[in-house]
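Trainee: My questions will all concern the structure given below.
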Amino acid sequence: MKIVDHIPKGLPAPIVPNFSQIPELLPDAIVIAIVTYAVTFSIGKLFGRKNKYRVDPRQELRSLAICQILPCFFLCHPSSVNLSRATIVEQAGAKTQITNLVSAAFMLIVMLWAGPILEPLPMCVLSAIIFVVLLNVLKQFGELKSLWKASKYDFTIWVFAFFVTILWDVSQGLVASIVFSLFTIIVRIQWADTKQIAKIGDTELYKDIESHPVYHYRPDVSIFHFNAPLLYVNSERFKEHALNIISDAQTSYFKPQFLILDASGITSCDKIGALTISELAEELSQIHVTLLIACPSDQLREICESCHVYKTVPSCLFFPTVHDATLFVTEKQVQNILEVKHI
């Protein structure tokens, strides 16, 4: 049976770190820093959410930086949060930093005097402590079903991060998980959630026509909702979906005269995205369809102005809500009817 074995007594004499080894150790140091901060902040958020208090990421980063300065002169390992220890302390009802002072005092006693007493301790005892504590952590597998229903992307990230960390290593697993998470963001932006919406009954609500079959359909107006940042990577798909909505709505007897872009889901837009809006307006004008933009953010308005989009989509065709845009269409049609009668 393996035991703890020799525990050296006392503290090592402080020495100045060998700065000539920085180039050699820098890559590993960066990985350790990322892992340390990610583990510390994620565990802090976990217990903060459970105990209803806020965790400041900048404060955690500064605290970790300070905690690494003094120990580096005593040949200490980089400090971080330990999940099993944090769970034990939380289950014991600890609320303040006094707990850490008591723990540090006991650690100091063990390091200076009581180390030999613990040398015969079997390693399996320490493993059992960690295993029992991690049982509550493993219960999170029960949340996978609800996570799958809430977001399949988040479910995929969770499963990928779990298996790559178990089968590979914590450091490499964390880096691979971050890269995979960034990849899913690109996928979400590239294949954005687009839908055609319409007015629900006599209300001012506009919902997806597929999930809300009871809606007020107007053949002269198509409303296009784009729920993603409008960037270079998805600008062509944005224009393609918008044109498909118009082509699908056309019939042999009637075709839409207006396309309302519900921009409430466009949280950000780059130059290519703004120019794509201008290109869409020009292509729609060739088939006698007017583009209206509803619910634009301030950032979308600013970039449209800087990219001269107002030359193809005048500022008067920007509306605060989708309902305001539909009212404009109704008013425009009434004016056209009156002009025809006047002629």
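In the structure tokens, chains take the letters A, B, ... in the order shown, each chain's residues start at 1, and ligands count up from 1 in the order shown.
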For Val164 (chain A), please output as number ranges by chain all residues within 12 Å (counting only C-alpha atoms; exclusion window: fewer than 5 positions along the same chain).
Mentor: A: 156-159, 169-178, 180
Trainee: Just the selected residues (C-alpha atoms), exported as an mmCIF file, in the first residue's frame, please.
Mentor:
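Output (out-v6.cif):
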```cif
data_model
loop_
_atom_site.group_PDB
_atom_site.id
_atom_site.type_symbol
_atom_site.label_atom_id
_atom_site.label_comp_id
_atom_site.auth_asym_id
_atom_site.auth_seq_id
_atom_site.Cartn_x
_atom_site.Cartn_y
_atom_site.Cartn_z
ATOM 1 C CA THR A 156 -21.622 19.913 -27.492
ATOM 2 C CA ILE A 157 -19.035 22.211 -25.895
ATOM 3 C CA TRP A 158 -19.605 20.594 -22.480
ATOM 4 C CA VAL A 159 -19.219 17.046 -23.808
ATOM 5 C CA ASP A 169 -4.661 16.576 -20.238
ATOM 6 C CA VAL A 170 -6.016 19.580 -18.365
ATOM 7 C CA SER A 171 -3.760 22.129 -20.071
ATOM 8 C CA GLN A 172 -4.151 20.808 -23.608
ATOM 9 C CA GLY A 173 -7.809 20.036 -22.954
ATOM 10 C CA LEU A 174 -8.505 23.608 -21.916
ATOM 11 C CA VAL A 175 -6.796 25.031 -25.000
ATOM 12 C CA ALA A 176 -8.636 22.589 -27.262
ATOM 13 C CA SER A 177 -11.949 23.431 -25.573
ATOM 14 C CA ILE A 178 -11.388 27.166 -26.029
ATOM 15 C CA PHE A 180 -13.645 24.445 -30.138
#
```
Trainee: My list of candidates is A:Val313, A:Leu83, A:Ala105, A:Val89. Which is closest to Phe131 (chain A) when distances are computed with only C-alpha atoms?
Mentor: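 When distances to Phe131 (chain A) are compared using only C-alpha atoms, the smallest one comes from A:Leu83.
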Trainee: Compile the contact shell of Lys199 (chain A) as a VMD selection string: residues with an atom at most 10 Å away, counting only C-alpha atoms, same-chain residues fewer than 2 positions apart removed.
Mentor: chain A and resid 197 201 to 209 212 214 to 218 223 322 to 323 326
Trainee: Filtering to N, CA and C atoms, could you give me those residues as a JSON list (two decimals), in the first residue's frame?
Mentor:
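In the end it all went to again04.json:
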```json
[["chain", "number", "residue", "atom", "x", "y", "z"],
["A", 197, "ILE", "N", -41.27, 36.45, -40.23],
["A", 197, "ILE", "CA", -42.21, 36.73, -39.16],
["A", 197, "ILE", "C", -43.42, 37.47, -39.71],
["A", 201, "GLY", "N", -52.49, 38.13, -35.10],
["A", 201, "GLY", "CA", -53.84, 38.65, -34.87],
["A", 201, "GLY", "C", -53.92, 40.16, -34.95],
["A", 202, "ASP", "N", -54.64, 40.75, -33.97],
["A", 202, "ASP", "CA", -54.81, 42.20, -33.91],
["A", 202, "ASP", "C", -53.81, 42.85, -32.96],
["A", 203, "THR", "N", -52.77, 42.14, -32.59],
["A", 203, "THR", "CA", -51.77, 42.69, -31.68],
["A", 203, "THR", "C", -50.68, 43.41, -32.46],
["A", 204, "GLU", "N", -49.71, 43.93, -31.72],
["A", 204, "GLU", "CA", -48.53, 44.53, -32.33],
["A", 204, "GLU", "C", -47.32, 43.61, -32.22],
["A", 205, "LEU", "N", -47.59, 42.32, -31.98],
["A", 205, "LEU", "CA", -46.52, 41.33, -31.86],
["A", 205, "LEU", "C", -46.27, 40.68, -33.21],
["A", 206, "TYR", "N", -45.01, 40.42, -33.49],
["A", 206, "TYR", "CA", -44.60, 39.78, -34.74],
["A", 206, "TYR", "C", -43.75, 38.57, -34.39],
["A", 207, "LYS", "N", -44.22, 37.39, -34.82],
["A", 207, "LYS", "CA", -43.57, 36.14, -34.46],
["A", 207, "LYS", "C", -43.31, 35.30, -35.71],
["A", 208, "ASP", "N", -42.54, 34.23, -35.50],
["A", 208, "ASP", "CA", -42.20, 33.30, -36.57],
["A", 208, "ASP", "C", -43.47, 32.64, -37.10],
["A", 209, "ILE", "N", -43.65, 32.66, -38.41],
["A", 209, "ILE", "CA", -44.89, 32.13, -38.98],
["A", 209, "ILE", "C", -44.93, 30.60, -38.89],
["A", 212, "HIS", "N", -45.92, 29.97, -35.06],
["A", 212, "HIS", "CA", -47.18, 30.62, -34.70],
["A", 212, "HIS", "C", -48.07, 30.65, -35.93],
["A", 214, "VAL", "N", -51.20, 31.04, -36.33],
["A", 214, "VAL", "CA", -52.28, 32.03, -36.34],
["A", 214, "VAL", "C", -51.66, 33.42, -36.46],
["A", 215, "TYR", "N", -51.58, 33.91, -37.66],
["A", 215, "TYR", "CA", -50.97, 35.21, -37.89],
["A", 215, "TYR", "C", -51.74, 35.95, -38.98],
["A", 216, "HIS", "N", -51.48, 37.27, -39.05],
["A", 216, "HIS", "CA", -52.14, 38.12, -40.04],
["A", 216, "HIS", "C", -51.20, 38.27, -41.23],
["A", 217, "TYR", "N", -51.54, 37.60, -42.33],
["A", 217, "TYR", "CA", -50.66, 37.59, -43.49],
["A", 217, "TYR", "C", -51.00, 38.73, -44.44],
["A", 218, "ARG", "N", -49.95, 39.45, -44.85],
["A", 218, "ARG", "CA", -50.10, 40.51, -45.84],
["A", 218, "ARG", "C", -49.25, 40.14, -47.05],
["A", 223, "ILE", "N", -41.60, 40.14, -43.95],
["A", 223, "ILE", "CA", -40.78, 40.60, -42.81],
["A", 223, "ILE", "C", -39.72, 39.55, -42.54],
["A", 322, "VAL", "N", -40.97, 47.10, -35.77],
["A", 322, "VAL", "CA", -41.53, 46.48, -36.96],
["A", 322, "VAL", "C", -42.93, 47.00, -37.22],
["A", 323, "HIS", "N", -43.68, 47.24, -36.15],
["A", 323, "HIS", "CA", -45.05, 47.73, -36.32],
["A", 323, "HIS", "C", -45.06, 49.11, -36.96],
["A", 326, "THR", "N", -44.65, 48.62, -40.66],
["A", 326, "THR", "CA", -45.87, 48.16, -41.33],
["A", 326, "THR", "C", -46.90, 49.29, -41.43]]
```
Trainee: Closest to Phe319 (chain A) among A:Glu305, A:Ser285, A:Ala192, A:Asp262, using only C-alpha atoms?
Mentor: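 Once distances to Phe319 (chain A) are computed over only C-alpha atoms, the minimum belongs to A:Asp262.
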Trainee: Out of region 151-252 of chain A, which residues get helix (DSSP H, G or I) from DSSP, as a PyMOL selection string?
Mentor: chain A and resi 152-167+170-190+232-249
Trainee: Give me the residues within 9 Å of Thr276 (chain A) as a list in words, counting only C-alpha atoms and dropping any in the same chain fewer than 2 places off.
Mentor: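 My reading of the contact set: Ser235, Glu236, Phe238, Lys239, Lys271, Ile272, Gly273, Ala274, Ser278, Glu279, Leu280 and Ala281 of chain A.
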Trainee: Which residues, written as a VMD selection string, have at least one atom at most 9 Å from region 110-114 of chain A, with only C-alpha atoms counted and residues fewer than 2 positions away on the same chain left out?
Mentor: chain A and resid 7 to 11 105 to 108 116 to 118
Trainee: Using only C-alpha atoms, can you tell me which of A:Glu331, A:Gly44, A:Ala29, A:Phe160 comes closest to Gln59 (chain A)?
Mentor: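 Looking at the shortest contact to Gln59 (chain A), the residue is A:Gly44.
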Trainee: Write out as a PyMOL selection string the residues lying within 12 Å of Thr267 (chain A), counting only C-alpha atoms and excluding same-chain residues fewer than 4 positions away.
Mentor: chain A and resi 189+226-231+262-263+273+295-301
Trainee: For the residues in the current selection, export N, CA and C atoms as a PDB file, in the first residue's frame.
Mentor:
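Once everything was written out, this is result.pdb:
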```
ATOM      1  N   ILE A 189     -22.548  32.116 -36.142  1.00  0.00           N
ATOM      2  CA  ILE A 189     -22.655  33.335 -36.943  1.00  0.00           C
ATOM      3  C   ILE A 189     -22.864  32.985 -38.411  1.00  0.00           C
ATOM      4  N   PHE A 226     -33.338  38.525 -38.769  1.00  0.00           N
ATOM      5  CA  PHE A 226     -31.977  37.975 -38.800  1.00  0.00           C
ATOM      6  C   PHE A 226     -31.406  38.071 -37.399  1.00  0.00           C
ATOM      7  N   ASN A 227     -31.135  36.915 -36.799  1.00  0.00           N
ATOM      8  CA  ASN A 227     -30.742  36.877 -35.388  1.00  0.00           C
ATOM      9  C   ASN A 227     -29.270  36.508 -35.240  1.00  0.00           C
ATOM     10  N   ALA A 228     -28.379  37.435 -35.620  1.00  0.00           N
ATOM     11  CA  ALA A 228     -26.933  37.217 -35.490  1.00  0.00           C
ATOM     12  C   ALA A 228     -26.226  38.509 -35.869  1.00  0.00           C
ATOM     13  N   PRO A 229     -24.982  38.682 -35.451  1.00  0.00           N
ATOM     14  CA  PRO A 229     -24.199  39.816 -35.958  1.00  0.00           C
ATOM     15  C   PRO A 229     -24.062  39.702 -37.474  1.00  0.00           C
ATOM     16  N   LEU A 230     -24.154  40.821 -38.158  1.00  0.00           N
ATOM     17  CA  LEU A 230     -24.025  40.837 -39.614  1.00  0.00           C
ATOM     18  C   LEU A 230     -22.574  41.163 -39.961  1.00  0.00           C
ATOM     19  N   LEU A 231     -21.818  40.134 -40.298  1.00  0.00           N
ATOM     20  CA  LEU A 231     -20.383  40.277 -40.515  1.00  0.00           C
ATOM     21  C   LEU A 231     -19.998  39.697 -41.876  1.00  0.00           C
ATOM     22  N   ASP A 262     -36.144  43.019 -39.865  1.00  0.00           N
ATOM     23  CA  ASP A 262     -36.163  43.153 -38.405  1.00  0.00           C
ATOM     24  C   ASP A 262     -34.726  43.003 -37.906  1.00  0.00           C
ATOM     25  N   ALA A 263     -34.087  44.136 -37.609  1.00  0.00           N
ATOM     26  CA  ALA A 263     -32.669  44.155 -37.229  1.00  0.00           C
ATOM     27  C   ALA A 263     -32.461  44.079 -35.727  1.00  0.00           C
ATOM     28  N   GLY A 273     -20.894  43.935 -43.839  1.00  0.00           N
ATOM     29  CA  GLY A 273     -22.309  43.743 -43.553  1.00  0.00           C
ATOM     30  C   GLY A 273     -23.145  44.938 -43.969  1.00  0.00           C
ATOM     31  N   CYS A 295     -36.060  48.357 -36.015  1.00  0.00           N
ATOM     32  CA  CYS A 295     -35.316  48.045 -34.780  1.00  0.00           C
ATOM     33  C   CYS A 295     -33.797  48.079 -34.958  1.00  0.00           C
ATOM     34  N   PRO A 296     -33.243  49.060 -35.673  1.00  0.00           N
ATOM     35  CA  PRO A 296     -31.783  49.090 -35.812  1.00  0.00           C
ATOM     36  C   PRO A 296     -31.124  49.589 -34.529  1.00  0.00           C
ATOM     37  N   SER A 297     -29.979  49.025 -34.203  1.00  0.00           N
ATOM     38  CA  SER A 297     -29.213  49.509 -33.053  1.00  0.00           C
ATOM     39  C   SER A 297     -28.461  50.780 -33.431  1.00  0.00           C
ATOM     40  N   ASP A 298     -27.963  51.476 -32.426  1.00  0.00           N
ATOM     41  CA  ASP A 298     -27.189  52.689 -32.691  1.00  0.00           C
ATOM     42  C   ASP A 298     -25.936  52.365 -33.493  1.00  0.00           C
ATOM     43  N   GLN A 299     -25.317  51.228 -33.190  1.00  0.00           N
ATOM     44  CA  GLN A 299     -24.104  50.851 -33.920  1.00  0.00           C
ATOM     45  C   GLN A 299     -24.409  50.584 -35.385  1.00  0.00           C
ATOM     46  N   LEU A 300     -25.564  49.964 -35.670  1.00  0.00           N
ATOM     47  CA  LEU A 300     -25.945  49.705 -37.055  1.00  0.00           C
ATOM     48  C   LEU A 300     -26.211  51.009 -37.792  1.00  0.00           C
ATOM     49  N   ARG A 301     -26.866  51.944 -37.143  1.00  0.00           N
ATOM     50  CA  ARG A 301     -27.116  53.245 -37.765  1.00  0.00           C
ATOM     51  C   ARG A 301     -25.809  53.973 -38.066  1.00  0.00           C
TER      52      ARG A 301
END
```
Trainee: Would you mind telling me which residue in A:Leu126, A:Ile88, A:Leu327, A:Cys304 lies nearest to Phe47 (chain A) when using only C-alpha atoms?
Mentor: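 That would be A:Ile88, the residue with the smallest distance to Phe47 (chain A).
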